[in-house]
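Okay, input_10.pdb is below, PDB, C-alpha atoms, pLDDT in the B column:
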```pdb
ATOM      1  CA  MET A 274      11.485   9.166   5.564  1.00 85.00           C
ATOM      2  CA  LEU A 275      11.350  11.729   2.806  1.00 87.00           C
ATOM      3  CA  SER A 276      14.983  11.142   1.965  1.00 92.00           C
ATOM      4  CA  LEU A 277      14.291   7.442   1.620  1.00 92.00           C
ATOM      5  CA  ILE A 278      11.548   7.828  -0.937  1.00 93.00           C
ATOM      6  CA  ASN A 279      12.124   5.851  -4.124  1.00 94.00           C
ATOM      7  CA  TRP A 280      14.873   3.883  -2.412  1.00 95.00           C
ATOM      8  CA  ARG A 281      14.753   0.168  -2.254  1.00 96.00           C
ATOM      9  CA  LEU A 282      13.988  -0.717   1.339  1.00 96.00           C
ATOM     10  CA  LYS A 283      13.697  -3.783   3.453  1.00 97.00           C
ATOM     11  CA  VAL A 284      10.726  -3.492   5.757  1.00 97.00           C
ATOM     12  CA  THR A 285      10.355  -5.920   8.634  1.00 96.00           C
ATOM     13  CA  VAL A 286       6.788  -6.470   9.769  1.00 96.00           C
ATOM     14  CA  ASN A 287       5.481  -7.780  13.042  1.00 95.00           C
ATOM     15  CA  ASP A 288       4.930 -11.348  11.861  1.00 93.00           C
ATOM     16  CA  GLY A 289       8.631 -11.762  11.080  1.00 93.00           C
ATOM     17  CA  ARG A 290       8.351 -11.341   7.337  1.00 95.00           C
ATOM     18  CA  ALA A 291      10.357  -8.812   5.413  1.00 96.00           C
ATOM     19  CA  PHE A 292       9.158  -6.869   2.399  1.00 97.00           C
ATOM     20  CA  VAL A 293      11.750  -5.579  -0.014  1.00 97.00           C
ATOM     21  CA  GLY A 294      10.614  -3.007  -2.519  1.00 96.00           C
ATOM     22  CA  GLN A 295      10.992   0.502  -3.829  1.00 96.00           C
ATOM     23  CA  MET A 296       9.164   2.857  -1.482  1.00 96.00           C
ATOM     24  CA  LEU A 297       7.020   5.106  -3.647  1.00 95.00           C
ATOM     25  CA  ALA A 298       4.950   6.664  -0.912  1.00 95.00           C
ATOM     26  CA  PHE A 299       4.313   6.790   2.808  1.00 96.00           C
ATOM     27  CA  ASP A 300       1.989   8.639   5.130  1.00 95.00           C
ATOM     28  CA  ARG A 301       1.895   9.622   8.800  1.00 95.00           C
ATOM     29  CA  HIS A 302       0.668   6.153   9.759  1.00 96.00           C
ATOM     30  CA  MET A 303       3.750   4.674   8.074  1.00 96.00           C
ATOM     31  CA  ASN A 304       1.516   3.038   5.521  1.00 97.00           C
ATOM     32  CA  LEU A 305       3.886   2.349   2.651  1.00 97.00           C
ATOM     33  CA  VAL A 306       3.590   1.797  -1.072  1.00 96.00           C
ATOM     34  CA  LEU A 307       6.233  -0.658  -2.223  1.00 96.00           C
ATOM     35  CA  ALA A 308       6.797  -1.309  -5.917  1.00 95.00           C
ATOM     36  CA  GLU A 309       8.215  -4.558  -7.284  1.00 95.00           C
ATOM     37  CA  CYS A 310       7.894  -5.904  -3.815  1.00 96.00           C
ATOM     38  CA  GLU A 311       9.242  -9.245  -2.695  1.00 96.00           C
ATOM     39  CA  GLU A 312       8.356 -10.996   0.515  1.00 96.00           C
ATOM     40  CA  PHE A 313      10.939 -12.940   2.481  1.00 95.00           C
ATOM     41  CA  ARG A 314      10.304 -15.160   5.443  1.00 92.00           C
ATOM     42  CA  ARG A 315      12.919 -17.097   7.317  1.00 85.00           C
ATOM     43  CA  VAL A 316      11.752 -20.611   7.919  1.00 80.00           C
ATOM     44  CA  ARG A 317      13.767 -21.552  10.947  1.00 71.00           C
ATOM     45  CA  PRO A 318      14.145 -25.290  10.906  1.00 72.00           C
ATOM     46  CA  LYS A 319      12.759 -26.245  14.288  1.00 65.00           C
ATOM     47  CA  LYS A 320      14.905 -29.025  15.700  1.00 63.00           C
ATOM     48  CA  LYS A 321      13.422 -31.695  17.893  1.00 60.00           C
ATOM     49  CA  SER A 322      15.702 -32.469  20.824  1.00 62.00           C
ATOM     50  CA  GLY A 323      16.961 -35.690  19.240  1.00 63.00           C
ATOM     51  CA  GLU A 324      18.063 -34.138  15.959  1.00 63.00           C
ATOM     52  CA  THR A 325      21.470 -32.572  15.713  1.00 62.00           C
ATOM     53  CA  GLU A 326      22.046 -31.513  12.111  1.00 64.00           C
ATOM     54  CA  ALA A 327      21.406 -27.825  11.730  1.00 61.00           C
ATOM     55  CA  GLY A 328      19.335 -27.503   8.620  1.00 66.00           C
ATOM     56  CA  PRO A 329      20.052 -24.304   6.697  1.00 72.00           C
ATOM     57  CA  ALA A 330      17.692 -21.485   7.526  1.00 75.00           C
ATOM     58  CA  GLN A 331      15.489 -21.564   4.479  1.00 82.00           C
ATOM     59  CA  GLU A 332      14.551 -18.259   2.987  1.00 86.00           C
ATOM     60  CA  MET A 333      11.177 -18.332   1.301  1.00 90.00           C
ATOM     61  CA  LYS A 334      10.807 -15.677  -1.359  1.00 94.00           C
ATOM     62  CA  ARG A 335       7.553 -14.571  -2.969  1.00 93.00           C
ATOM     63  CA  THR A 336       7.084 -11.872  -5.543  1.00 95.00           C
ATOM     64  CA  LEU A 337       4.179  -9.603  -4.689  1.00 95.00           C
ATOM     65  CA  GLY A 338       4.453  -6.669  -7.098  1.00 95.00           C
ATOM     66  CA  LEU A 339       2.826  -3.429  -6.037  1.00 96.00           C
ATOM     67  CA  VAL A 340       1.937  -3.504  -2.358  1.00 97.00           C
ATOM     68  CA  ILE A 341       0.239  -1.180   0.099  1.00 97.00           C
ATOM     69  CA  LEU A 342       1.610  -2.102   3.494  1.00 97.00           C
ATOM     70  CA  ARG A 343      -0.305  -1.060   6.582  1.00 97.00           C
ATOM     71  CA  GLY A 344       1.819   1.124   8.849  1.00 96.00           C
ATOM     72  CA  GLU A 345       0.651  -0.589  12.012  1.00 95.00           C
ATOM     73  CA  THR A 346       2.522  -3.740  11.038  1.00 97.00           C
ATOM     74  CA  VAL A 347       5.846  -2.054  10.332  1.00 97.00           C
ATOM     75  CA  VAL A 348       8.627  -2.903  12.776  1.00 97.00           C
ATOM     76  CA  SER A 349      11.763  -1.627  11.070  1.00 96.00           C
ATOM     77  CA  LEU A 350      13.061  -0.138   7.851  1.00 95.00           C
ATOM     78  CA  SER A 351      16.478  -0.453   6.324  1.00 96.00           C
ATOM     79  CA  VAL A 352      18.005   0.510   3.034  1.00 95.00           C
ATOM     80  CA  GLU A 353      18.414  -2.371   0.625  1.00 93.00           C
ATOM     81  CA  GLY A 354      19.643  -0.371  -2.340  1.00 92.00           C
ATOM     82  CA  PRO A 355      19.603   3.004  -4.061  1.00 92.00           C
ATOM     83  CA  PRO A 356      16.713   4.168  -6.253  1.00 90.00           C
ATOM     84  CA  PRO A 357      16.686   2.197  -9.500  1.00 85.00           C
ATOM     85  CA  ALA A 358      18.433   4.235 -12.188  1.00 80.00           C
ATOM     86  CA  GLY A 359      16.558   6.071 -14.885  1.00 70.00           C
ATOM     87  CA  ASP A 360      13.511   7.417 -13.135  1.00 63.00           C
ATOM     88  CA  ASP A 361      13.965  11.180 -13.307  1.00 52.00           C
ATOM     89  CA  GLU A 362      10.230  11.517 -13.317  1.00 52.00           C
ATOM     90  CA  LYS A 363      10.078  10.062  -9.832  1.00 48.00           C
ATOM     91  CA  LYS A 364      12.849  12.325  -8.573  1.00 49.00           C
ATOM     92  CA  ASN A 365      10.865  15.322  -9.736  1.00 49.00           C
ATOM     93  CA  ALA A 366       7.898  14.031  -7.841  1.00 48.00           C
ATOM     94  CA  VAL A 367       9.950  14.044  -4.652  1.00 48.00           C
ATOM     95  CA  ARG A 368      10.918  17.666  -5.076  1.00 47.00           C
ATOM     96  CA  ASN A 369       7.373  18.684  -5.722  1.00 47.00           C
ATOM     97  CA  PRO A 370       6.015  20.118  -2.475  1.00 44.00           C
ATOM     98  CA  SER A 371       2.491  19.055  -3.404  1.00 46.00           C
ATOM     99  CA  LEU A 372       3.446  15.616  -2.192  1.00 43.00           C
ATOM    100  CA  PHE A 373       2.701  16.718   1.319  1.00 44.00           C
ATOM    101  CA  SER A 374       0.051  19.311   0.817  1.00 46.00           C
ATOM    102  CA  GLY A 375      -3.031  18.922   2.896  1.00 46.00           C
ATOM    103  CA  GLN A 376      -1.359  16.746   5.486  1.00 46.00           C
ATOM    104  CA  PRO A 377      -1.848  17.892   9.049  1.00 50.00           C
ATOM    105  CA  ASN A 378       1.071  17.243  11.295  1.00 47.00           C
TER
ATOM    106  CA  MET B 222       0.869  10.278  -3.907  1.00 87.00           C
ATOM    107  CA  LEU B 223      -0.165   8.763  -0.593  1.00 93.00           C
ATOM    108  CA  PRO B 224      -0.765   5.097   0.131  1.00 95.00           C
ATOM    109  CA  LEU B 225      -4.457   5.705   0.634  1.00 95.00           C
ATOM    110  CA  SER B 226      -4.805   7.657  -2.588  1.00 93.00           C
ATOM    111  CA  LEU B 227      -3.358   4.684  -4.408  1.00 94.00           C
ATOM    112  CA  LEU B 228      -5.949   2.529  -2.683  1.00 95.00           C
ATOM    113  CA  ASN B 229      -8.635   4.942  -3.785  1.00 94.00           C
ATOM    114  CA  ALA B 230      -7.449   4.713  -7.347  1.00 93.00           C
ATOM    115  CA  ALA B 231      -7.751   0.943  -7.108  1.00 94.00           C
ATOM    116  CA  GLN B 232     -11.531   1.014  -7.063  1.00 95.00           C
ATOM    117  CA  ASN B 233     -13.026  -1.679  -9.280  1.00 96.00           C
ATOM    118  CA  LYS B 234      -9.587  -3.229  -9.661  1.00 96.00           C
ATOM    119  CA  PRO B 235      -8.735  -6.734  -8.515  1.00 97.00           C
ATOM    120  CA  MET B 236      -6.672  -6.994  -5.365  1.00 97.00           C
ATOM    121  CA  LEU B 237      -5.455  -9.363  -2.719  1.00 97.00           C
ATOM    122  CA  VAL B 238      -5.777  -8.416   0.930  1.00 97.00           C
ATOM    123  CA  GLU B 239      -3.942 -10.219   3.670  1.00 97.00           C
ATOM    124  CA  LEU B 240      -5.206  -9.744   7.208  1.00 97.00           C
ATOM    125  CA  LYS B 241      -3.113  -9.764  10.347  1.00 96.00           C
ATOM    126  CA  ASN B 242      -4.450 -13.231  11.131  1.00 96.00           C
ATOM    127  CA  GLY B 243      -3.069 -14.518   7.827  1.00 95.00           C
ATOM    128  CA  GLU B 244      -6.384 -14.915   6.025  1.00 97.00           C
ATOM    129  CA  THR B 245      -6.397 -13.614   2.495  1.00 97.00           C
ATOM    130  CA  PHE B 246      -9.187 -12.112   0.440  1.00 97.00           C
ATOM    131  CA  ASN B 247      -9.105 -11.952  -3.344  1.00 97.00           C
ATOM    132  CA  GLY B 248     -11.636  -9.721  -4.980  1.00 97.00           C
ATOM    133  CA  HIS B 249     -12.489  -6.482  -6.718  1.00 97.00           C
ATOM    134  CA  LEU B 250     -12.442  -3.334  -4.627  1.00 97.00           C
ATOM    135  CA  VAL B 251     -15.879  -1.742  -4.366  1.00 97.00           C
ATOM    136  CA  ASN B 252     -15.099   1.046  -1.951  1.00 96.00           C
ATOM    137  CA  CYS B 253     -12.687   2.182   0.732  1.00 96.00           C
ATOM    138  CA  ASP B 254     -12.315   4.968   3.252  1.00 95.00           C
ATOM    139  CA  ASN B 255      -9.581   6.812   5.104  1.00 95.00           C
ATOM    140  CA  PHE B 256      -9.450   4.132   7.800  1.00 96.00           C
ATOM    141  CA  MET B 257      -8.581   1.619   5.079  1.00 97.00           C
ATOM    142  CA  ASN B 258     -11.929  -0.083   5.666  1.00 97.00           C
ATOM    143  CA  ILE B 259     -12.792  -1.733   2.377  1.00 97.00           C
ATOM    144  CA  THR B 260     -15.563  -3.616   0.645  1.00 97.00           C
ATOM    145  CA  LEU B 261     -14.785  -6.248  -1.938  1.00 97.00           C
ATOM    146  CA  ARG B 262     -16.983  -7.970  -4.505  1.00 97.00           C
ATOM    147  CA  GLU B 263     -16.715 -11.539  -5.868  1.00 97.00           C
ATOM    148  CA  VAL B 264     -14.350 -12.601  -3.128  1.00 97.00           C
ATOM    149  CA  TYR B 265     -12.312 -15.741  -2.607  1.00 97.00           C
ATOM    150  CA  GLN B 266     -11.368 -16.017   1.039  1.00 97.00           C
ATOM    151  CA  THR B 267      -8.498 -18.314   2.023  1.00 97.00           C
ATOM    152  CA  SER B 268      -7.753 -19.465   5.544  1.00 97.00           C
ATOM    153  CA  ALA B 269      -4.411 -18.596   7.113  1.00 96.00           C
ATOM    154  CA  GLU B 270      -3.123 -22.122   6.552  1.00 95.00           C
ATOM    155  CA  GLY B 271      -4.221 -21.995   2.938  1.00 94.00           C
ATOM    156  CA  ASP B 272      -6.264 -25.152   3.315  1.00 96.00           C
ATOM    157  CA  LYS B 273      -9.795 -23.778   3.303  1.00 96.00           C
ATOM    158  CA  PHE B 274     -11.540 -21.577   0.769  1.00 96.00           C
ATOM    159  CA  TRP B 275     -14.774 -19.680   0.710  1.00 97.00           C
ATOM    160  CA  LYS B 276     -16.429 -17.778  -2.077  1.00 97.00           C
ATOM    161  CA  LEU B 277     -18.263 -14.646  -1.011  1.00 96.00           C
ATOM    162  CA  LYS B 278     -20.422 -12.370  -3.108  1.00 97.00           C
ATOM    163  CA  GLU B 279     -19.349  -9.287  -1.196  1.00 97.00           C
ATOM    164  CA  CYS B 280     -17.507  -8.600   2.012  1.00 96.00           C
ATOM    165  CA  TYR B 281     -16.486  -5.768   4.296  1.00 97.00           C
ATOM    166  CA  ILE B 282     -13.046  -5.679   5.895  1.00 97.00           C
ATOM    167  CA  ARG B 283     -12.207  -3.428   8.805  1.00 97.00           C
ATOM    168  CA  GLY B 284      -9.074  -1.471   7.961  1.00 97.00           C
ATOM    169  CA  SER B 285      -7.380  -2.091  11.273  1.00 97.00           C
ATOM    170  CA  THR B 286      -7.263  -5.852  10.587  1.00 97.00           C
ATOM    171  CA  ILE B 287      -5.313  -5.492   7.345  1.00 97.00           C
ATOM    172  CA  LYS B 288      -1.648  -6.388   7.046  1.00 97.00           C
ATOM    173  CA  TYR B 289      -1.109  -5.489   3.427  1.00 97.00           C
ATOM    174  CA  LEU B 290      -2.858  -5.170   0.074  1.00 97.00           C
ATOM    175  CA  ARG B 291      -1.552  -6.253  -3.296  1.00 97.00           C
ATOM    176  CA  VAL B 292      -2.785  -4.090  -6.125  1.00 96.00           C
ATOM    177  CA  PRO B 293      -2.210  -4.315  -9.906  1.00 96.00           C
ATOM    178  CA  ASP B 294       1.143  -2.936 -11.079  1.00 94.00           C
ATOM    179  CA  GLN B 295      -0.583  -0.996 -13.872  1.00 93.00           C
ATOM    180  CA  LEU B 296      -2.270   1.122 -11.233  1.00 92.00           C
ATOM    181  CA  LEU B 297       0.957   3.063 -10.784  1.00 90.00           C
ATOM    182  CA  ASP B 298       0.902   4.246 -14.374  1.00 91.00           C
ATOM    183  CA  VAL B 299      -2.709   5.341 -14.009  1.00 90.00           C
ATOM    184  CA  VAL B 300      -2.006   7.298 -10.837  1.00 89.00           C
ATOM    185  CA  LYS B 301       1.152   8.924 -12.199  1.00 87.00           C
ATOM    186  CA  GLU B 302      -0.650   9.928 -15.347  1.00 88.00           C
ATOM    187  CA  GLU B 303      -3.437  11.455 -13.282  1.00 87.00           C
ATOM    188  CA  GLN B 304      -0.939  13.256 -11.093  1.00 86.00           C
ATOM    189  CA  ASN B 305       0.927  14.686 -14.061  1.00 90.00           C
ATOM    190  CA  ARG B 306      -2.272  15.877 -15.655  1.00 90.00           C
ATOM    191  CA  ALA B 307      -3.342  17.524 -12.429  1.00 88.00           C
ATOM    192  CA  ARG B 308       0.044  19.175 -12.039  1.00 88.00           C
ATOM    193  CA  GLU B 309       0.058  20.489 -15.584  1.00 89.00           C
ATOM    194  CA  ALA B 310      -3.469  21.781 -15.214  1.00 89.00           C
ATOM    195  CA  GLY B 311      -2.504  23.485 -11.983  1.00 86.00           C
ATOM    196  CA  ARG B 312       0.565  25.065 -13.561  1.00 84.00           C
ATOM    197  CA  SER B 313      -1.232  26.419 -16.557  1.00 83.00           C
ATOM    198  CA  SER B 314      -4.105  27.916 -14.590  1.00 79.00           C
ATOM    199  CA  ARG B 315      -2.463  29.222 -11.438  1.00 69.00           C
ATOM    200  CA  GLY B 316       0.997  27.774 -11.339  1.00 56.00           C
ATOM    201  CA  GLY B 317       2.918  26.151  -8.552  1.00 53.00           C
ATOM    202  CA  SER B 318       1.904  23.859  -5.769  1.00 54.00           C
ATOM    203  CA  GLY B 319      -1.378  25.602  -5.082  1.00 51.00           C
ATOM    204  CA  GLY B 320      -2.667  24.204  -8.318  1.00 48.00           C
ATOM    205  CA  SER B 321      -1.781  20.640  -7.669  1.00 52.00           C
ATOM    206  CA  ARG B 322      -3.173  20.882  -4.189  1.00 52.00           C
ATOM    207  CA  GLY B 323      -6.514  21.900  -5.572  1.00 49.00           C
ATOM    208  CA  ALA B 324      -6.402  19.217  -8.223  1.00 50.00           C
ATOM    209  CA  ARG B 325      -5.629  16.562  -5.680  1.00 50.00           C
ATOM    210  CA  GLY B 326      -8.688  17.500  -3.682  1.00 45.00           C
ATOM    211  CA  VAL B 327     -10.877  17.279  -6.740  1.00 48.00           C
ATOM    212  CA  SER B 328      -9.740  13.811  -7.722  1.00 48.00           C
ATOM    213  CA  GLN B 329     -10.280  12.513  -4.203  1.00 46.00           C
ATOM    214  CA  ARG B 330     -13.689  14.009  -3.904  1.00 47.00           C
ATOM    215  CA  GLY B 331     -14.712  12.443  -7.152  1.00 45.00           C
ATOM    216  CA  GLY B 332     -13.422   9.078  -6.046  1.00 45.00           C
ATOM    217  CA  ARG B 333     -15.253   8.570  -2.840  1.00 47.00           C
ATOM    218  CA  GLY B 334     -18.379  10.623  -2.670  1.00 46.00           C
ATOM    219  CA  ALA B 335     -20.293  10.850   0.547  1.00 48.00           C
ATOM    220  CA  VAL B 336     -18.758   8.152   2.724  1.00 48.00           C
ATOM    221  CA  ARG B 337     -15.952   9.922   4.432  1.00 49.00           C
ATOM    222  CA  GLY B 338     -14.819  11.877   7.386  1.00 47.00           C
ATOM    223  CA  GLY B 339     -12.295  10.676   9.867  1.00 47.00           C
ATOM    224  CA  PRO B 340      -8.851  11.883  10.742  1.00 50.00           C
ATOM    225  CA  MET B 341      -8.092  14.118   7.790  1.00 50.00           C
ATOM    226  CA  ARG B 342     -11.315  16.058   7.741  1.00 50.00           C
ATOM    227  CA  GLY B 343      -9.873  19.257   9.130  1.00 48.00           C
ATOM    228  CA  ALA B 344      -7.000  19.451   6.699  1.00 49.00           C
ATOM    229  CA  ARG B 345      -9.168  18.795   3.724  1.00 50.00           C
ATOM    230  CA  GLY B 346     -11.547  21.568   4.671  1.00 50.00           C
ATOM    231  CA  ARG B 347      -8.694  23.991   4.724  1.00 53.00           C
ATOM    232  CA  GLY B 348      -7.445  22.759   1.399  1.00 52.00           C
ATOM    233  CA  ARG B 349     -10.698  23.377  -0.344  1.00 52.00           C
ATOM    234  CA  GLY B 350     -11.084  26.811   1.082  1.00 52.00           C
ATOM    235  CA  ALA B 351      -7.665  27.950  -0.094  1.00 47.00           C
TER
END
```
Taking this structure as input, can you express it in the form of structure tokens?
Amino acid sequence: MLSLINWRLKVTVNDGRAFVGQMLAFDRHMNLVLAECEEFRRVRPKKKSGETEAGPAQEMKRTLGLVILRGETVVSLSVEGPPPAGDDEKKNAVRNPSLFSGQPN
Amino acid sequence: MLPLSLLNAAQNKPMLVELKNGETFNGHLVNCDNFMNITLREVYQTSAEGDKFWKLKECYIRGSTIKYLRVPDQLLDVVKEEQNRAREAGRSSRGGSGGSRGARGVSQRGGRGAVRGGPMRGARGRGRGA
């Protein structure tokens, strides 16, 4: 997880939605802080038995901004992209051991 | 920074909370704890289908029912600023990570006052003593 910090991740949650955002923080519960977060949900076109044309799976996108995602709902994580360029400040924050001080494990 | 410290820093800020059942709550954060239990003020509650609305003066939300919270983007700047200040202060007085550990404890104590306890109690006690 630590190596993924500041990366742009796609997080699938247990209601089928996916959150894509830069992971700024996490904790032992897998609570996540996602910056510039976007929510995607696949709207599967449910076909009645009579209909044949396969409607395209619509992808609904919503922009959420800064999000605190509860760890309980997280199903999977995958990398969507590298850390956005030009945030040295954030990279320093990762190296700083104080990030994990006070956390029992 | 931890997710819950960001939440702590969001006190008195507007936020949107979506519950696992799909209901959403829009309001200003009054208080929160380490279980993510929160109280909101001046709340607009929306049903999961988005077809019904309620206005509530104040409400309490059990942390375990929350799916996610949307907080203001500007909050990041505030928290980073605070973190940097704490780090600098720690460096100049004692140097190194010990300083920022102490500073972190101080800012959290200030934020939440008496309502606390829960899973991280033991660790925090150690942190203060060091």
Suppose you want the space between atom CA of Pro356 of chain A and atom CA of Ile278 of chain A; what is it in Å?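 Spanning atom CA of Pro356 of chain A to atom CA of Ile278 of chain A is a straight-line distance of 8.3 Å.
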Do you know which residues are at most 8 Å from segment 338-341 of chain A counting all atoms listed in the file, after dropping those on the same chain fewer than 5 positions away, and could you put them as a ChimeraX atom specification? /A:304-311 /B:224,228,289-294
Nearest to chain B, chosen from A:Val293, A:Ala298, A:Met333, A:Val284, with all atoms listed in the file counted in the distances: A:Ala298
Rounded to one decimal, what separation in Å do you get between atom CA of Gly311 of chain B and atom CA of Leu225 of chain B? 21.9 Å
Taking all atoms listed in the file into account, name the residue in B:Arg306, B:Gln295, B:Leu250, B:Phe256 that is nearest to Glu279 of chain B. B:Leu250
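For the pair atom CA of Thr285 of chain A and atom CA of Met236 of chain B, the separation is 22.1 Å.
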Calculated over only C-alpha atoms, which of the candidates B:Lys276, B:Lys301, B:Arg283, B:Lys234 has the smallest distance to chain A? B:Lys301
Using all atoms listed in the file, can you tell me which of B:Cys253, B:Val300, B:Leu237, B:Ile259 comes closest to Leu337 of chain A? B:Leu237
Which residue out of B:Ala307, B:Cys280, B:Asn242, B:Gly248 has the minimum interatomic distance to Thr260 of chain B when all atoms listed in the file are used? B:Cys280
Hey, what comes out of the PyMOL selection byres ((chain A and resi 283) around 7) on this file? Could you write it as a PyMOL selection string? chain A and resi 282+284-285+291-294+350-353
Can I get the selection written as a CSV table (one decimal), keeping the file's coordinate frame, with C-alpha atoms?
```
chain,number,residue,atom,x,y,z
A,282,LEU,CA,14.0,-0.7,1.3
A,284,VAL,CA,10.7,-3.5,5.8
A,285,THR,CA,10.4,-5.9,8.6
A,291,ALA,CA,10.4,-8.8,5.4
A,292,PHE,CA,9.2,-6.9,2.4
A,293,VAL,CA,11.8,-5.6,0.0
A,294,GLY,CA,10.6,-3.0,-2.5
A,350,LEU,CA,13.1,-0.1,7.9
A,351,SER,CA,16.5,-0.5,6.3
A,352,VAL,CA,18.0,0.5,3.0
A,353,GLU,CA,18.4,-2.4,0.6
```
Name the residues that the PyMOL selection byres ((chain B and resi 244) around 8) pulls out of this structure, and write them as a list in words. Glu239, Leu240, Lys241, Asn242, Gly243, Thr245, Phe246, Gln266, Thr267, Ser268, Ala269 and Glu270 of chain B
Check which residues satisfy the PyMOL selection byres ((chain A and resi 303) around 8) in the file shown, then give them as a PyMOL selection string. chain A and resi 299-302+304-305+343-345+347
Counting all atoms listed in the file, which of A:Arg335, A:Gly359, A:Leu342, A:Val316 gets nearest to chain B?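 Using all atoms listed in the file, the shortest distance to chain B belongs to A:Leu342.
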Could segment 252-258 of chain B be completed with all heavy atoms and returned as a PDB file, in the coordinates of the input?
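Now in result.pdb:
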```
ATOM      1  N   ASN B 252     -15.246  -0.261  -2.572  1.00 96.00           N
ATOM      2  CA  ASN B 252     -15.099   1.046  -1.951  1.00 96.00           C
ATOM      3  C   ASN B 252     -14.105   0.971  -0.805  1.00 96.00           C
ATOM      4  O   ASN B 252     -13.793  -0.108  -0.305  1.00 96.00           O
ATOM      5  CB  ASN B 252     -16.455   1.535  -1.431  1.00 96.00           C
ATOM      6  CG  ASN B 252     -16.622   3.017  -1.648  1.00 96.00           C
ATOM      7  OD1 ASN B 252     -15.652   3.761  -1.709  1.00 96.00           O
ATOM      8  ND2 ASN B 252     -17.871   3.454  -1.760  1.00 96.00           N
ATOM      9  N   CYS B 253     -13.603   2.134  -0.402  1.00 96.00           N
ATOM     10  CA  CYS B 253     -12.687   2.182   0.732  1.00 96.00           C
ATOM     11  C   CYS B 253     -12.812   3.547   1.382  1.00 96.00           C
ATOM     12  O   CYS B 253     -13.385   4.466   0.802  1.00 96.00           O
ATOM     13  CB  CYS B 253     -11.258   1.930   0.272  1.00 96.00           C
ATOM     14  SG  CYS B 253     -10.669   3.165  -0.890  1.00 96.00           S
ATOM     15  N   ASP B 254     -12.298   3.667   2.584  1.00 95.00           N
ATOM     16  CA  ASP B 254     -12.315   4.968   3.252  1.00 95.00           C
ATOM     17  C   ASP B 254     -10.947   5.260   3.853  1.00 95.00           C
ATOM     18  O   ASP B 254      -9.997   4.501   3.660  1.00 95.00           O
ATOM     19  CB  ASP B 254     -13.437   5.041   4.285  1.00 95.00           C
ATOM     20  CG  ASP B 254     -13.214   4.085   5.462  1.00 95.00           C
ATOM     21  OD1 ASP B 254     -12.098   3.541   5.575  1.00 95.00           O
ATOM     22  OD2 ASP B 254     -14.152   3.890   6.239  1.00 95.00           O
ATOM     23  N   ASN B 255     -10.866   6.366   4.574  1.00 95.00           N
ATOM     24  CA  ASN B 255      -9.581   6.812   5.104  1.00 95.00           C
ATOM     25  C   ASN B 255      -9.059   5.950   6.244  1.00 95.00           C
ATOM     26  O   ASN B 255      -7.914   6.079   6.641  1.00 95.00           O
ATOM     27  CB  ASN B 255      -9.680   8.262   5.573  1.00 95.00           C
ATOM     28  CG  ASN B 255      -9.502   9.212   4.412  1.00 95.00           C
ATOM     29  OD1 ASN B 255      -8.947   8.831   3.392  1.00 95.00           O
ATOM     30  ND2 ASN B 255      -9.981  10.422   4.563  1.00 95.00           N
ATOM     31  N   PHE B 256      -9.917   5.071   6.783  1.00 96.00           N
ATOM     32  CA  PHE B 256      -9.450   4.132   7.800  1.00 96.00           C
ATOM     33  C   PHE B 256      -8.924   2.856   7.156  1.00 96.00           C
ATOM     34  O   PHE B 256      -8.545   1.932   7.843  1.00 96.00           O
ATOM     35  CB  PHE B 256     -10.588   3.768   8.762  1.00 96.00           C
ATOM     36  CG  PHE B 256     -11.111   4.923   9.548  1.00 96.00           C
ATOM     37  CD1 PHE B 256     -12.400   5.387   9.351  1.00 96.00           C
ATOM     38  CD2 PHE B 256     -10.308   5.555  10.477  1.00 96.00           C
ATOM     39  CE1 PHE B 256     -12.889   6.456  10.089  1.00 96.00           C
ATOM     40  CE2 PHE B 256     -10.797   6.619  11.212  1.00 96.00           C
ATOM     41  CZ  PHE B 256     -12.086   7.078  11.019  1.00 96.00           C
ATOM     42  N   MET B 257      -8.969   2.804   5.840  1.00 97.00           N
ATOM     43  CA  MET B 257      -8.581   1.619   5.079  1.00 97.00           C
ATOM     44  C   MET B 257      -9.649   0.520   5.173  1.00 97.00           C
ATOM     45  O   MET B 257      -9.402  -0.609   4.756  1.00 97.00           O
ATOM     46  CB  MET B 257      -7.205   1.085   5.523  1.00 97.00           C
ATOM     47  CG  MET B 257      -6.396   0.439   4.412  1.00 97.00           C
ATOM     48  SD  MET B 257      -4.899  -0.323   5.012  1.00 97.00           S
ATOM     49  CE  MET B 257      -3.749   0.998   4.789  1.00 97.00           C
ATOM     50  N   ASN B 258     -10.803   0.850   5.755  1.00 97.00           N
ATOM     51  CA  ASN B 258     -11.929  -0.083   5.666  1.00 97.00           C
ATOM     52  C   ASN B 258     -12.243  -0.264   4.186  1.00 97.00           C
ATOM     53  O   ASN B 258     -12.222   0.695   3.421  1.00 97.00           O
ATOM     54  CB  ASN B 258     -13.186   0.474   6.344  1.00 97.00           C
ATOM     55  CG  ASN B 258     -12.976   0.753   7.825  1.00 97.00           C
ATOM     56  OD1 ASN B 258     -12.239   0.030   8.486  1.00 97.00           O
ATOM     57  ND2 ASN B 258     -13.610   1.798   8.327  1.00 97.00           N
TER      58      ASN B 258
END
```
